[in-house]
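One file, my_file-v8.cif, carrying mmCIF, C-alpha atoms:
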data_structure
#
loop_
_atom_site.label_atom_id
_atom_site.label_comp_id
_atom_site.auth_asym_id
_atom_site.auth_seq_id
_atom_site.Cartn_x
_atom_site.Cartn_y
_atom_site.Cartn_z
CA MET A 159 -14.96 103.32 33.66
CA THR A 160 -15.53 107.05 34.11
CA MET A 161 -17.96 107.33 31.18
CA TRP A 162 -19.83 104.23 32.31
CA PHE A 163 -20.14 105.65 35.82
CA ILE A 164 -21.44 108.99 34.46
CA LYS A 165 -24.05 107.15 32.38
CA ARG A 166 -25.18 105.21 35.45
CA LEU A 167 -25.47 108.45 37.43
CA ILE A 168 -27.63 109.99 34.69
CA GLN A 169 -29.86 106.91 34.66
CA ALA A 170 -30.14 107.10 38.43
CA GLY A 171 -31.16 110.75 38.17
CA PHE A 172 -33.99 109.90 35.75
CA VAL A 173 -35.17 107.10 38.04
CA ILE A 174 -35.30 109.45 41.01
CA LEU A 175 -37.16 112.09 38.96
CA ALA A 176 -39.73 109.52 37.84
CA MET A 177 -40.19 108.36 41.42
CA THR A 178 -40.82 111.92 42.61
CA VAL A 179 -43.82 112.04 40.26
CA ILE A 180 -45.13 108.67 41.47
CA VAL A 181 -44.59 109.50 45.14
CA PHE A 182 -46.17 112.93 44.85
CA ILE A 183 -49.26 111.70 43.02
CA GLY A 184 -49.63 108.69 45.28
CA VAL A 185 -49.38 110.69 48.49
CA SER A 186 -51.58 113.51 47.19
CA VAL A 187 -54.58 111.23 46.77
CA ILE A 188 -54.32 109.69 50.25
CA GLY A 189 -57.03 111.02 52.56
CA ASP A 190 -57.56 114.59 53.67
CA PRO A 191 -54.96 116.02 56.08
CA MET A 192 -57.51 118.64 57.14
CA GLU A 193 -59.30 115.93 59.10
CA MET A 194 -56.19 115.55 61.28
CA LEU A 195 -55.03 119.16 61.43
CA VAL A 196 -58.30 121.00 61.98
CA ALA A 197 -60.69 120.49 64.86
CA PRO A 198 -64.07 119.01 63.89
CA ASP A 199 -65.83 122.17 65.09
CA ALA A 200 -63.58 124.51 63.06
CA THR A 201 -65.28 127.06 60.85
CA ALA A 202 -65.03 127.09 57.07
CA LYS A 203 -62.80 130.16 57.31
CA GLU A 204 -60.36 128.41 59.65
CA ARG A 205 -60.22 125.38 57.37
CA LEU A 206 -59.55 127.61 54.37
CA GLU A 207 -56.71 129.39 56.19
CA VAL A 208 -55.01 126.08 56.98
CA THR A 209 -55.52 124.88 53.40
CA ILE A 210 -53.86 128.02 52.02
CA ALA A 211 -51.04 127.84 54.56
CA LEU A 212 -50.22 124.28 53.42
CA GLY A 213 -50.54 125.19 49.75
CA LEU A 214 -53.27 122.61 49.21
CA ASP A 215 -55.47 125.14 47.39
CA ARG A 216 -53.11 125.35 44.41
CA PRO A 217 -53.37 123.19 41.25
CA LEU A 218 -51.70 119.78 41.56
CA TRP A 219 -49.01 120.56 38.97
CA VAL A 220 -48.06 123.75 40.83
CA GLN A 221 -47.85 121.78 44.06
CA TYR A 222 -45.59 119.24 42.32
CA PHE A 223 -43.09 121.80 41.05
CA SER A 224 -43.05 123.46 44.48
CA PHE A 225 -42.48 119.99 45.93
CA LEU A 226 -39.65 119.29 43.46
CA LYS A 227 -37.98 122.62 44.17
CA ALA A 228 -38.18 121.97 47.89
CA LEU A 229 -36.64 118.50 47.43
CA THR A 230 -33.60 119.95 45.68
CA GLU A 231 -33.14 122.17 48.73
CA GLY A 232 -33.52 119.24 51.12
CA ASP A 233 -36.86 120.56 52.36
CA PHE A 234 -39.55 117.88 52.70
CA GLY A 235 -41.88 120.16 54.63
CA ARG A 236 -42.81 120.15 58.29
CA SER A 237 -44.45 117.17 59.90
CA PHE A 238 -48.15 117.79 60.55
CA ILE A 239 -47.95 115.79 63.78
CA TYR A 240 -44.48 116.48 65.23
CA GLY A 241 -44.21 120.10 64.10
CA GLU A 242 -40.59 119.55 63.00
CA PRO A 243 -38.96 119.22 59.56
CA ALA A 244 -40.00 115.85 58.15
CA LEU A 245 -36.43 114.99 57.14
CA LYS A 246 -35.26 115.58 60.70
CA VAL A 247 -38.01 113.30 62.04
CA ILE A 248 -36.94 110.55 59.63
CA LEU A 249 -33.22 110.95 60.29
CA THR A 250 -33.69 110.64 64.04
CA ARG A 251 -35.17 107.18 63.41
CA LEU A 252 -32.75 106.17 60.64
CA PRO A 253 -29.87 104.93 62.88
CA ALA A 254 -32.17 102.42 64.60
CA THR A 255 -33.35 101.00 61.27
CA LEU A 256 -29.83 100.91 59.79
CA GLU A 257 -28.52 99.16 62.88
CA LEU A 258 -31.25 96.54 62.67
CA ALA A 259 -30.72 96.08 58.91
CA PHE A 260 -26.93 95.70 59.15
CA CYS A 261 -27.30 93.20 61.98
CA ALA A 262 -29.90 91.19 60.04
CA ILE A 263 -27.80 91.13 56.87
CA GLY A 264 -24.72 90.21 58.91
CA ILE A 265 -26.55 87.25 60.44
CA SER A 266 -27.82 86.24 56.99
CA VAL A 267 -24.32 86.22 55.48
CA LEU A 268 -22.58 84.59 58.45
CA VAL A 269 -25.16 81.81 58.60
CA GLY A 270 -26.35 81.50 55.00
CA VAL A 271 -23.01 81.39 53.16
CA PRO A 272 -21.34 78.61 55.25
CA LEU A 273 -24.52 76.49 55.31
CA GLY A 274 -25.05 76.93 51.57
CA LEU A 275 -21.40 76.10 50.89
CA TYR A 276 -21.63 72.94 52.98
CA ALA A 277 -24.92 71.87 51.37
CA GLY A 278 -23.42 72.44 47.93
CA LEU A 279 -20.24 70.48 48.63
CA TYR A 280 -22.01 67.55 50.30
CA PRO A 281 -25.50 67.48 48.72
CA ASN A 282 -26.27 63.87 49.70
CA ALA A 283 -25.32 64.15 53.35
CA PRO A 284 -28.27 63.89 55.78
CA SER A 285 -27.22 67.18 57.39
CA SER A 286 -27.35 68.92 53.99
CA LYS A 287 -30.84 67.63 53.36
CA THR A 288 -31.85 68.86 56.82
CA ILE A 289 -30.40 72.28 56.04
CA MET A 290 -32.32 72.52 52.77
CA ALA A 291 -35.54 71.41 54.46
CA GLY A 292 -35.00 74.08 57.11
CA SER A 293 -34.54 76.72 54.40
CA ILE A 294 -38.04 75.96 53.14
CA LEU A 295 -39.37 76.87 56.58
CA GLY A 296 -37.47 80.14 56.37
CA PHE A 297 -39.31 80.97 53.15
CA SER A 298 -42.69 79.74 54.35
CA LEU A 299 -43.14 81.06 57.87
CA PRO A 300 -44.70 84.56 58.06
CA THR A 301 -42.45 87.18 59.61
CA PHE A 302 -45.10 88.41 62.03
CA TRP A 303 -45.77 84.85 63.31
CA VAL A 304 -42.05 84.11 63.75
CA GLY A 305 -41.64 87.37 65.64
CA LEU A 306 -44.49 86.55 67.99
CA MET A 307 -43.10 83.05 68.58
CA LEU A 308 -39.65 84.45 69.36
CA ILE A 309 -41.20 86.77 71.93
CA VAL A 310 -43.27 83.96 73.47
CA VAL A 311 -40.33 81.55 73.72
CA PHE A 312 -37.32 83.74 74.53
CA SER A 313 -39.01 86.62 76.36
CA VAL A 314 -42.13 85.23 78.02
CA GLU A 315 -41.29 81.57 78.70
CA LEU A 316 -37.51 81.61 79.11
CA GLY A 317 -37.06 85.26 80.05
CA TRP A 318 -33.68 85.40 78.33
CA LEU A 319 -34.18 88.41 76.07
CA PRO A 320 -36.33 91.57 76.16
CA SER A 321 -39.33 91.69 73.86
CA SER A 322 -39.48 95.36 72.91
CA GLY A 323 -37.64 98.66 72.75
CA ARG A 324 -34.07 99.47 71.86
CA GLY A 325 -32.46 99.24 75.27
CA GLU A 326 -29.48 101.25 76.45
CA THR A 327 -27.64 103.18 73.73
CA ARG A 328 -24.34 105.00 73.43
CA SER A 329 -23.28 107.83 71.19
CA LEU A 330 -20.97 107.30 68.22
CA PHE A 331 -20.44 109.93 65.49
CA GLY A 332 -23.19 111.97 67.12
CA LEU A 333 -25.77 109.17 66.82
CA GLN A 334 -27.19 106.73 69.33
CA TRP A 335 -26.43 103.01 68.79
CA SER A 336 -27.61 99.91 70.63
CA PHE A 337 -24.82 97.53 69.61
CA LEU A 338 -22.33 99.42 71.80
CA THR A 339 -23.94 98.18 75.02
CA LEU A 340 -24.78 94.71 76.30
CA ASP A 341 -28.34 95.75 77.08
CA GLY A 342 -28.73 97.21 73.60
CA LEU A 343 -27.42 94.01 72.00
CA SER A 344 -29.92 91.94 73.99
CA HIS A 345 -32.74 94.15 72.65
CA LEU A 346 -31.32 93.96 69.11
CA LEU A 347 -30.95 90.19 68.85
CA LEU A 348 -34.57 89.03 68.52
CA PRO A 349 -35.73 91.56 65.90
CA ALA A 350 -32.52 91.04 63.92
CA VAL A 351 -32.99 87.25 63.90
CA ASN A 352 -36.62 87.66 62.90
CA LEU A 353 -35.68 89.96 60.04
CA ALA A 354 -32.79 87.72 58.95
CA LEU A 355 -34.69 84.41 58.76
CA PHE A 356 -35.97 84.83 55.19
CA LYS A 357 -32.62 86.26 54.02
CA VAL A 358 -30.70 83.31 55.47
CA SER A 359 -32.83 80.89 53.45
CA LEU A 360 -32.42 82.96 50.30
CA ILE A 361 -28.62 83.29 50.54
CA LEU A 362 -28.25 79.65 51.59
CA ARG A 363 -30.09 78.31 48.56
CA LEU A 364 -28.36 80.74 46.21
CA VAL A 365 -24.89 79.72 47.44
CA ARG A 366 -25.75 76.03 47.23
CA ALA A 367 -27.00 76.39 43.66
CA GLY A 368 -23.86 78.32 42.72
CA VAL A 369 -21.56 75.71 44.24
CA ARG A 370 -23.33 72.86 42.44
CA GLU A 371 -23.02 74.79 39.17
CA VAL A 372 -19.34 75.68 39.58
CA LEU A 373 -17.92 72.38 40.88
CA PRO A 374 -18.11 70.54 37.50
CA GLU A 375 -16.37 73.39 35.67
CA ASP A 376 -13.00 72.70 34.02
CA TYR A 377 -11.09 75.33 35.98
CA VAL A 378 -12.08 73.65 39.26
CA LYS A 379 -10.99 70.24 37.94
CA PHE A 380 -7.74 71.79 36.69
CA ALA A 381 -7.08 73.39 40.08
CA ARG A 382 -7.50 70.04 41.78
CA ALA A 383 -5.33 68.35 39.15
CA LYS A 384 -2.54 70.85 39.92
CA GLY A 385 -2.54 69.53 43.47
CA LEU A 386 -3.99 72.60 45.16
CA SER A 387 -5.40 72.03 48.61
CA GLU A 388 -9.14 71.48 48.88
CA SER A 389 -9.54 74.61 51.01
CA ARG A 390 -7.81 76.74 48.34
CA VAL A 391 -9.96 75.24 45.60
CA ILE A 392 -13.13 75.97 47.56
CA PHE A 393 -12.36 79.44 48.87
CA VAL A 394 -10.43 80.81 45.87
CA HIS A 395 -11.84 79.07 42.81
CA VAL A 396 -15.36 78.11 43.90
CA LEU A 397 -16.47 80.75 46.37
CA LYS A 398 -15.00 83.66 44.44
CA ASN A 399 -16.86 82.69 41.27
CA ILE A 400 -20.25 82.45 42.94
CA MET A 401 -19.94 85.80 44.71
CA ILE A 402 -21.46 87.93 41.91
CA PRO A 403 -25.07 86.74 42.36
CA VAL A 404 -24.54 86.61 46.12
CA VAL A 405 -23.32 90.22 46.20
CA THR A 406 -26.31 91.25 44.08
CA ILE A 407 -28.78 89.56 46.40
CA ILE A 408 -27.10 90.92 49.53
CA GLY A 409 -27.17 94.45 48.12
CA LEU A 410 -30.77 94.36 46.98
CA GLU A 411 -31.94 92.54 50.10
CA PHE A 412 -30.25 95.16 52.28
CA GLY A 413 -32.48 97.75 50.68
CA SER A 414 -35.55 95.57 51.12
CA VAL A 415 -34.66 94.91 54.76
CA ILE A 416 -34.71 98.66 55.41
CA ALA A 417 -37.80 99.30 53.30
CA PHE A 418 -39.85 96.37 54.60
CA SER A 419 -38.77 96.20 58.24
CA VAL A 420 -42.17 97.63 59.12
CA VAL A 421 -43.61 94.38 60.50
CA THR A 422 -40.57 93.53 62.61
CA GLU A 423 -40.24 97.04 64.01
CA THR A 424 -43.94 97.10 64.88
CA ILE A 425 -43.91 93.71 66.61
CA PHE A 426 -40.82 94.47 68.68
CA SER A 427 -41.63 98.19 69.17
CA TRP A 428 -38.27 99.00 67.59
CA PRO A 429 -38.10 102.80 67.23
CA GLY A 430 -37.04 102.90 63.59
CA MET A 431 -38.36 104.29 60.33
CA GLY A 432 -40.69 101.35 59.73
CA LYS A 433 -42.72 101.98 62.87
CA LEU A 434 -42.66 105.71 62.16
CA ILE A 435 -44.11 105.30 58.65
CA ILE A 436 -46.97 103.14 59.96
CA ASP A 437 -47.81 105.81 62.54
CA SER A 438 -47.53 108.53 59.87
CA ILE A 439 -49.86 106.70 57.48
CA ASN A 440 -52.42 106.24 60.24
CA LEU A 441 -52.20 109.97 61.06
CA LEU A 442 -51.97 111.10 57.40
CA ASP A 443 -48.69 112.90 58.08
CA ARG A 444 -47.89 113.56 54.41
CA PRO A 445 -44.49 115.27 54.74
CA VAL A 446 -43.11 112.35 56.77
CA ILE A 447 -44.55 109.82 54.30
CA VAL A 448 -42.95 111.67 51.38
CA ALA A 449 -39.60 111.99 53.16
CA TYR A 450 -39.61 108.29 54.00
CA LEU A 451 -40.47 107.19 50.47
CA MET A 452 -37.87 109.46 48.86
CA ILE A 453 -35.17 108.25 51.25
CA ILE A 454 -36.06 104.64 50.40
CA VAL A 455 -35.97 105.43 46.65
CA LEU A 456 -32.59 107.12 47.00
CA LEU A 457 -31.34 104.19 49.05
CA PHE A 458 -32.33 101.63 46.41
CA VAL A 459 -30.77 103.72 43.63
CA VAL A 460 -27.48 104.04 45.55
CA ILE A 461 -27.44 100.33 46.41
CA ASN A 462 -28.00 99.36 42.76
CA LEU A 463 -25.19 101.68 41.72
CA VAL A 464 -22.83 100.17 44.32
CA VAL A 465 -23.79 96.65 43.21
CA ASP A 466 -23.01 97.54 39.57
CA VAL A 467 -19.61 98.88 40.59
CA LEU A 468 -18.88 95.72 42.59
CA TYR A 469 -19.87 93.72 39.49
CA THR A 470 -17.13 95.36 37.49
CA LEU A 471 -14.59 94.71 40.24
CA LEU A 472 -15.52 91.05 40.74
CA ASP A 473 -15.93 89.97 37.13
CA PRO A 474 -13.56 91.11 34.35
CA ARG A 475 -16.18 90.07 31.76
CA VAL A 476 -18.49 92.78 33.03
CA ARG A 477 -15.72 95.36 32.65
CA ILE A 478 -15.21 94.30 29.05
CA ARG A 479 -18.92 94.53 28.20
CA THR A 480 -19.27 97.96 29.78
CA GLY A 481 -16.08 99.24 28.22
CA ALA A 482 -14.57 99.81 31.66
#
Structure translated into structure tokens:
Amino acid sequence: MTMWFIKRLIQAGFVILAMTVIVFIGVSVIGDPMEMLVAPDATAKERLEVTIALGLDRPLWVQYFSFLKALTEGDFGRSFIYGEPALKVILTRLPATLELAFCAIGISVLVGVPLGLYAGLYPNAPSSKTIMAGSILGFSLPTFWVGLMLIVVFSVELGWLPSSGRGETRSLFGLQWSFLTLDGLSHLLLPAVNLALFKVSLILRLVRAGVREVLPEDYVKFARAKGLSESRVIFVHVLKNIMIPVVTIIGLEFGSVIAFSVVTETIFSWPGMGKLIIDSINLLDRPVIVAYLMIIVLLFVVINLVVDVLYTLLDPRVRIRTGA
């Protein structure tokens, strides 16, 4: 297990290194930050001074190695717009995005797994067919349209829930969280539901497919033949054996929820990283863009590593193949 884990860490290191090259080259060819940082009536001398101060006059490969050295020190540069370290700007928005992502994934699991289990156990029931038809809507409806409809119905027409902002927050572990207050929860609900809709459909259909695949297996028939209760057969023998693909999807989708929450955060004016990156792209704030992308890369690498570890814990066959 130790050697396998070390190999996975080395692989993760190479992935991160490769992504630093891609991120650096990609960001370096986006626009000209001088247009945002220097007044239109600035002289050529003033523009040159700013260019030298930012190190943009050096060859690209020199800039990359300086960039790589700074990354190892946790220095992503100073935001062109906010005048603060880019990492600090990102981290101040990170709790809001994490809170939204955890809430969305929680809703997806709490709704998707039971509905998928029911649809798999009773595939011919009218309610199961209704559930599966509803899951198609979850895949088909655009996130931005669903978000707007949620605002129109629950905020404008019914007036039950607020349409924007994060609401009242409270401090926990030195960070501000919305879920600790009733007002914060009311602000959190709509964006979380909007973000969770696609994930619910995905988990639901995955669980249903897994149940339909596992039910005819001999070990399930043997468990029933032994006289075990139906609930034990379902929750111990069926559900446990379909959890590997479900855990994989939940892990990877958690990363995608954080990375692609841009639309939801923009629609609901949720002050997270997604809204920040849109503003930074519009303003060509390169250090913030780089910090955001590297955090997302690191997040996906860590999530994949955690999923692999959970694989080995859930399935003994994986441990045998990996020599763990």
Go through A:Gly305, A:Gly368, A:Gly278, A:Gly296 one by one, measure the shortest atom-to-atom distance of each to Ile402 in chain A using only C-alpha atoms, and give the residue with the smallest value.
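Selected residue with least distance to Ile402 in chain A: A:Gly368.
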Write out as a tab-separated table a residue-level contact list of range 303-364 of chain A versus range 236-252 of chain A with cut-off 12 Å: for each qualifying residue the closest pair of atoms and the distance in Å to one decimal, counting all atoms listed in the file, rows sorted by chain and residue number upward.
residue	atom	partner	partner_atom	distance
A:Arg324	CA	A:Arg251	CA	11.5
A:Gly332	CA	A:Thr250	CA	11.0
A:Leu333	CA	A:Thr250	CA	8.5
A:Gln334	CA	A:Thr250	CA	9.2
A:Trp335	CA	A:Leu252	CA	10.8
Find, counting only C-alpha atoms, the residue in A:Leu457, A:Val391, A:Ile439, A:Ala254 that gets nearest to Ser427 in chain A.
A:Ala254
Met401 in chain A: which residues within 12 Å, counting only C-alpha atoms, same-chain residues fewer than 5 positions away excluded, as a list of chain:residue names?
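So, after excluding close chain neighbours, the residues are A:Val267, A:Val271, A:Leu275, A:Ile361, A:Leu364, A:Val365, A:Arg366, A:Ala367, A:Gly368, A:Val369, A:Val372, A:Phe393, A:Val394, A:His395, A:Val396, A:Thr406, A:Ile407, A:Ile408, A:Gly409, A:Val465, A:Leu468, A:Tyr469, A:Leu471, A:Leu472, A:Asp473.
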How close does range 384-482 of chain A get to range 168-175 of chain A? List, as JSON lines, each residue of range 384-482 of chain A within 8 Å, its nearest atom pair and the distance in Å to one decimal, counting all atoms listed in the file.
{"residue": "A:Val455", "atom": "CA", "partner": "A:Ile174", "partner_atom": "CA", "distance": 7.0}
{"residue": "A:Leu456", "atom": "CA", "partner": "A:Ile174", "partner_atom": "CA", "distance": 7.0}
{"residue": "A:Val459", "atom": "CA", "partner": "A:Ala170", "partner_atom": "CA", "distance": 6.2}
Write the residues you've just listed into a file as a PDB file, in the coordinates of the input, and include C-alpha atoms for each of them.
ATOM      1  CA  VAL A 455     -35.970 105.430  46.650  1.00  0.00           C
ATOM      2  CA  LEU A 456     -32.590 107.120  47.000  1.00  0.00           C
ATOM      3  CA  VAL A 459     -30.770 103.720  43.630  1.00  0.00           C
TER       4      VAL A 459
END
So that I can see what lies close to Glu326 in chain A, please list as a PDB file with C-alpha atoms, in the frame of the given file the residues with an atom at most 10 Å from it, counting only C-alpha atoms and leaving out residues fewer than 4 positions away in the same chain.
ATOM      1  CA  GLN A 334     -27.190 106.730  69.330  1.00  0.00           C
ATOM      2  CA  TRP A 335     -26.430 103.010  68.790  1.00  0.00           C
ATOM      3  CA  SER A 336     -27.610  99.910  70.630  1.00  0.00           C
ATOM      4  CA  PHE A 337     -24.820  97.530  69.610  1.00  0.00           C
ATOM      5  CA  LEU A 338     -22.330  99.420  71.800  1.00  0.00           C
ATOM      6  CA  THR A 339     -23.940  98.180  75.020  1.00  0.00           C
ATOM      7  CA  LEU A 340     -24.780  94.710  76.300  1.00  0.00           C
ATOM      8  CA  ASP A 341     -28.340  95.750  77.080  1.00  0.00           C
ATOM      9  CA  GLY A 342     -28.730  97.210  73.600  1.00  0.00           C
ATOM     10  CA  LEU A 343     -27.420  94.010  72.000  1.00  0.00           C
ATOM     11  CA  SER A 344     -29.920  91.940  73.990  1.00  0.00           C
ATOM     12  CA  HIS A 345     -32.740  94.150  72.650  1.00  0.00           C
TER      13      HIS A 345
END
Within 12 Å of (-34.2, 95.9, 54.3), in the coordinates the file gives, what residues turn up when you count all atoms listed in the file, written out as a VMD selection string?
chain A and resid 255 to 264 266 350 353 to 354 356 to 357 407 to 423 430 to 432 454 457 to 458 461
What separation in Å, quoted to one decimal, exists between CA of Leu229 in chain A and CA of Val181 in chain A?
12.2 Å
Mind pulling up the distance from CA of Ser293 in chain A to CA of Leu360 in chain A?
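The value is 7.8 Å.
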Need to verify the contact set: Ser322 in chain A, 9 Å, all atoms listed in the file, exclusion of same-chain residues closer than 6 positions in sequence. Can you return it as a list in words?
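Listing them by chain and then by number gives Ile309, His345, Pro349, Ile425, Phe426, Ser427 and Trp428 of chain A.
In terms of minimum interatomic distance to Trp303 in chain A, A:Asn352 ranks closest within A:Asn399, A:Thr288, A:Asn440, A:Asn352, counting all atoms listed in the file.
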